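Working notes, structure below.
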Amino acid sequence: MFEFGGFVVGLERVFDVIRERGARAVGLQFPEGLMRYAIDISRLVGDLSGAEVFISGDSCFGACDMDLRLLEFVDVLFHFAHTPMGSVDPKVVFVEVSSKLSVVPVVKSAVSLFSGSVSRVGVVTTVQHLHTLGEVCWVLESSGLDPVVGVGDGCIAHPGQVIGCNFSTAAAECDEYLFVGSGRFHPIGVAIARRRRVVAADPYTGRAFVVDPEPIIRKRCGVVARALDTESFGIIVSSKPGQERLGLARELLGLVEEHGKRGVIMVMDVVKPDQFLGLGLDALVSTACPRIAVDDGESFGVPILTPVELEIVLGLREWEDFRLDEITCGR
Ligand code: SF4
C-alpha cells in the first residue's frame with residue numbers, strides 16, 4: 001500500500017500497467033490537491049519501474065481534463081484521483097486515490113439531522129470516500145434507515161459516486177439524501193436536481209449539516225435577470241475531452257438566433273475572464289464545466305449563463321424548472 005499524507009494512492013496499478021504494456025515513457029497527471037506529492041510519486045515510479053517519467057504541469061480540474069499534449073509523447077498517461085467519464089483513450093489509465101479518514105463518526109452525527117418521517121436515504125459521495133460506502137450504509141441501517149446506493153449514467157464509474165457536473169447516482173426513489181465528503185457544491189447539486197433535503201457529512205471538518213441551496217438559487221436568479229435584455233451572446237465550448245459539448249453549443253446558437261439575437265461560438269481550452277475583454281458581448285453561455293458559471297461567474301464582468309439558464313432567458317423554460325447544468329453521457 002502506498003500512502004502519501006492522508007491518502008492511499010493506487011500505485012500498484014501503475015506498476016502493473018507499466019510492466020504489462022512494456023511502457024518506456026509515462027506521464028503522470030495530478031489534480032491540484034495531490035501536486036505536493038507529485039515529485040515523490042514520480043521518483044518512486046521512475047526508480048521502481050525504470051520508465052522515463054513526465055509530470056503534467058497543466059491544469060487538472062477533473063476527469064474531463066486530460067493532458068492530450070503529454071499523451072502524444074508517452075506510452076501511458078496515468079491520471080490520478082479521478083475516474084473515467086465515458087469512453088477514454090486507451091493510453092489513459094485512471095489511478096484511484098482514497099482518503100484515509102474515517103467517515104463513521106461524522107455519519108453517526110448526521111443521522112439525527114434527517115426528518116422524522118424519513119425511511120429511504122440515498123447515499124452519495126466523492127471518489128476519495130467510495131471505499132467507505134459499506135460502513136456508511138451500516139451506520140444508517142443500525143439507525144433504522146434504509147440506505148440506497150444508486151447507479152449513475154455512463155459518465156459515472158461507480159455506484160454512489162457524484163462529480164461536480166453529474167448527480168445521476170442520486171437514486172430518484174429516496175426520501176432524503178446523505179452526502180459524504182467535503183464542500184457544498186456536490187450536495188447542493190443533488191438538492192437542486194432532486195428537490196429534496198440533503199444532509200452533508202464532512203469527514204474533514206467533522207461537521208454534519210443540512211445543505212441550503214437557496215443562496216445559490218437566488219444568485220443564479222440574479223444572473224438570469226441581468227441577462228434578460230441582452231442582445232449578443234458568446235457561447236463557450238471547452239476543448240477539454242470531457243467538457244466539449246459542441247453539439248449543444250450549436251443548438252444554443254440556433255435558439256439565440258431564432259429569438260432575434262446574435263450569437264457566436266468560441267472554442268478554448270481553459271475558460272478565463274480576460275479572454276472575453278473588449279469583445280463587446282452582452283452575456284456568455286458556458287457549455288464547458290458547469291462550475292465555471294456558478295463558482296467564478298462574478299469575475300467575467302458580464303452575466304455568464306448555463307445552458308439551462310439561457311433557456312429561461314429566452315422564455316423556453318420556466319424558472320420553477322431551474323436546475324444546475326450537468327454533463328451527462330451522452331451529451
Ligand atoms: S466538468 Fe467540471 S465538474 Fe465536471 S469533472 Fe470536469 S472539472 Fe469536475
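Convention: chains lettered A, B, ... in C-alpha cells order; per-chain residue numbering from 1; ligands numbered from 1 as shown.
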
Worksheet item: Could you name the residues that touch range 63-68 of chain A at 12 Å or less, counting only C-alpha atoms, but leaving out those on the same chain fewer than 4 positions away, as a PyMOL selection string?
Response: chain A and resi 27-31+54-59+72-74+76-89+91-96+127+155-157+163-166+238-245+269-270+288-290+327-328

Discussion item. Residues near range 219-233 of chain A, anyone? I mean within 7 Å using only C-alpha atoms, not counting same-chain ones fewer than 5 positions away, as a list in words.
Written reply: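 Counting only C-alpha atoms, the residues come to Lys261, Arg262, Gly263, Val264, Leu281, Asp282, Ala283, Leu284, Val285, Pro303, Glu309 and Val313 of chain A.
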
Item to complete: Any chance you could list, as JSON, numbers by chain, the residues in range 60-170 of chain A that come up strand (DSSP E) when DSSP is run on the backbone?
Response: {"A": [76, 77, 78, 79, 80, 92, 93, 94, 95, 97, 98, 99, 120, 121, 122, 123, 124, 125, 146, 147, 148]}

Item to complete: Could you give me the residues within range 169-291 of chain A that DSSP places in helix (DSSP H, G or I), as a PyMOL selection string?
Response: chain A and resi 185-194+214-227+246-258+273-276+290-291

Practice prompt. Just the residues within 12 Å of range 112-122 of chain A, please, counting only C-alpha atoms, with nothing from its chain fewer than 6 positions along; format it as a VMD selection string.
Written response: chain A and resid 106 133 136 to 137 139 to 141 143 to 151 159 to 162 167 to 180 187 190 to 191 194 196 to 201 207 to 211

Now that the selection is made, can you save its residues with N, CA and C atoms as a short mmCIF file (atom, residue, chain, number, x, y, z; two decimals), in the first residue's frame?
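Here's the written file again.cif:
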```
data_model
loop_
_atom_site.label_atom_id
_atom_site.label_comp_id
_atom_site.auth_asym_id
_atom_site.auth_seq_id
_atom_site.Cartn_x
_atom_site.Cartn_y
_atom_site.Cartn_z
N VAL A 106 -18.66 11.08 11.71
CA VAL A 106 -19.48 12.18 11.19
C VAL A 106 -20.79 11.66 10.61
N LEU A 133 -18.43 3.29 1.53
CA LEU A 133 -19.89 3.19 1.37
C LEU A 133 -20.50 2.06 2.21
N VAL A 136 -20.84 3.35 5.69
CA VAL A 136 -21.88 4.38 5.74
C VAL A 136 -23.26 3.71 5.79
N CYS A 137 -23.46 2.72 4.93
CA CYS A 137 -24.75 2.02 4.89
C CYS A 137 -24.99 1.28 6.21
N VAL A 139 -23.97 2.17 9.19
CA VAL A 139 -24.38 3.15 10.22
C VAL A 139 -25.85 3.51 10.03
N LEU A 140 -26.26 3.72 8.78
CA LEU A 140 -27.66 4.10 8.52
C LEU A 140 -28.60 2.96 8.91
N GLU A 141 -28.24 1.74 8.52
CA GLU A 141 -29.09 0.59 8.85
C GLU A 141 -29.19 0.40 10.36
N SER A 143 -29.28 2.57 12.44
CA SER A 143 -30.14 3.62 12.97
C SER A 143 -31.57 3.49 12.47
N GLY A 144 -31.88 2.37 11.83
CA GLY A 144 -33.25 2.12 11.38
C GLY A 144 -33.59 2.73 10.03
N LEU A 145 -32.58 3.20 9.31
CA LEU A 145 -32.83 3.80 7.99
C LEU A 145 -32.51 2.79 6.89
N ASP A 146 -33.05 3.07 5.71
CA ASP A 146 -32.87 2.16 4.58
C ASP A 146 -31.98 2.85 3.54
N PRO A 147 -30.68 2.56 3.52
CA PRO A 147 -29.79 3.26 2.57
C PRO A 147 -29.96 2.74 1.14
N VAL A 148 -29.88 3.66 0.18
CA VAL A 148 -29.99 3.30 -1.23
C VAL A 148 -28.78 3.88 -1.96
N VAL A 149 -28.03 3.03 -2.64
CA VAL A 149 -26.87 3.49 -3.42
C VAL A 149 -27.23 3.35 -4.89
N GLY A 150 -27.35 4.49 -5.57
CA GLY A 150 -27.82 4.47 -6.95
C GLY A 150 -26.69 4.27 -7.95
N VAL A 151 -27.09 3.86 -9.16
CA VAL A 151 -26.14 3.70 -10.27
C VAL A 151 -26.31 4.89 -11.20
N PRO A 159 -21.17 3.03 -8.50
CA PRO A 159 -22.41 3.33 -7.79
C PRO A 159 -22.14 4.28 -6.62
N GLY A 160 -23.04 5.22 -6.42
CA GLY A 160 -22.93 6.14 -5.29
C GLY A 160 -22.01 7.32 -5.52
N GLN A 161 -21.28 7.33 -6.63
CA GLN A 161 -20.30 8.40 -6.85
C GLN A 161 -20.97 9.63 -7.48
N VAL A 162 -20.64 10.81 -6.98
CA VAL A 162 -21.06 12.04 -7.66
C VAL A 162 -19.82 12.83 -8.04
N PHE A 167 -25.05 14.33 -11.18
CA PHE A 167 -25.65 13.85 -9.92
C PHE A 167 -26.55 12.64 -10.18
N SER A 168 -26.28 11.93 -11.28
CA SER A 168 -27.20 10.87 -11.71
C SER A 168 -27.25 9.68 -10.76
N THR A 169 -26.27 9.54 -9.86
CA THR A 169 -26.34 8.41 -8.92
C THR A 169 -27.27 8.68 -7.75
N ALA A 170 -27.75 9.92 -7.62
CA ALA A 170 -28.70 10.21 -6.53
C ALA A 170 -30.02 9.53 -6.90
N ALA A 171 -30.22 8.33 -6.38
CA ALA A 171 -31.36 7.50 -6.76
C ALA A 171 -32.67 8.27 -6.54
N ALA A 172 -33.55 8.20 -7.54
CA ALA A 172 -34.75 9.05 -7.53
C ALA A 172 -35.73 8.69 -6.42
N GLU A 173 -35.81 7.40 -6.06
CA GLU A 173 -36.89 6.95 -5.17
C GLU A 173 -36.50 7.03 -3.69
N CYS A 174 -35.89 8.13 -3.27
CA CYS A 174 -35.47 8.28 -1.87
C CYS A 174 -36.21 9.44 -1.22
N ASP A 175 -36.29 9.40 0.11
CA ASP A 175 -36.95 10.49 0.84
C ASP A 175 -36.00 11.67 1.01
N GLU A 176 -34.78 11.37 1.40
CA GLU A 176 -33.75 12.40 1.57
C GLU A 176 -32.40 11.77 1.18
N TYR A 177 -31.35 12.61 1.19
CA TYR A 177 -30.03 12.12 0.75
C TYR A 177 -28.97 12.40 1.80
N LEU A 178 -27.95 11.55 1.80
CA LEU A 178 -26.76 11.79 2.60
C LEU A 178 -25.58 11.93 1.66
N PHE A 179 -24.88 13.07 1.77
CA PHE A 179 -23.64 13.25 1.01
C PHE A 179 -22.48 13.13 1.97
N VAL A 180 -21.51 12.29 1.65
CA VAL A 180 -20.31 12.16 2.46
C VAL A 180 -19.14 12.75 1.68
N PRO A 187 -23.41 18.46 -2.67
CA PRO A 187 -24.71 18.24 -2.03
C PRO A 187 -25.77 19.24 -2.49
N VAL A 190 -27.15 17.97 -5.72
CA VAL A 190 -28.12 16.89 -5.51
C VAL A 190 -29.45 17.48 -5.02
N ALA A 191 -29.38 18.44 -4.09
CA ALA A 191 -30.61 19.03 -3.54
C ALA A 191 -31.43 19.69 -4.64
N ARG A 194 -32.75 16.92 -7.27
CA ARG A 194 -33.81 16.02 -6.79
C ARG A 194 -34.90 16.74 -6.00
N ARG A 196 -34.99 17.65 -2.94
CA ARG A 196 -35.20 17.02 -1.63
C ARG A 196 -34.12 17.52 -0.67
N ARG A 197 -34.33 17.26 0.61
CA ARG A 197 -33.34 17.64 1.62
C ARG A 197 -32.09 16.78 1.47
N VAL A 198 -30.94 17.40 1.68
CA VAL A 198 -29.67 16.67 1.65
C VAL A 198 -28.92 16.99 2.94
N VAL A 199 -28.51 15.94 3.63
CA VAL A 199 -27.65 16.09 4.81
C VAL A 199 -26.22 15.82 4.36
N ALA A 200 -25.31 16.73 4.70
CA ALA A 200 -23.90 16.55 4.33
C ALA A 200 -23.11 16.14 5.56
N ALA A 201 -22.21 15.17 5.38
CA ALA A 201 -21.33 14.73 6.47
C ALA A 201 -19.90 14.92 5.97
N ARG A 207 -18.07 17.95 10.64
CA ARG A 207 -19.38 18.61 10.75
C ARG A 207 -20.42 17.92 9.90
N ALA A 208 -21.61 17.77 10.46
CA ALA A 208 -22.76 17.30 9.67
C ALA A 208 -23.78 18.44 9.66
N PHE A 209 -24.40 18.68 8.51
CA PHE A 209 -25.34 19.80 8.41
C PHE A 209 -26.30 19.57 7.25
N VAL A 210 -27.44 20.26 7.32
CA VAL A 210 -28.41 20.21 6.22
C VAL A 210 -28.02 21.29 5.23
N VAL A 211 -27.86 20.93 3.96
CA VAL A 211 -27.41 21.94 2.99
C VAL A 211 -28.58 22.85 2.60
#
```

Worksheet item: So what do you get for CA of Phe300 in chain A versus CA of Asp274 in chain A, distance-wise?
Response: 7.7 Å

Practice prompt. Report the distance between CA of Glu52 in chain A and CA of Leu70 in chain A in Å, rounded to one decimal place.
Written response: 12.9 Å
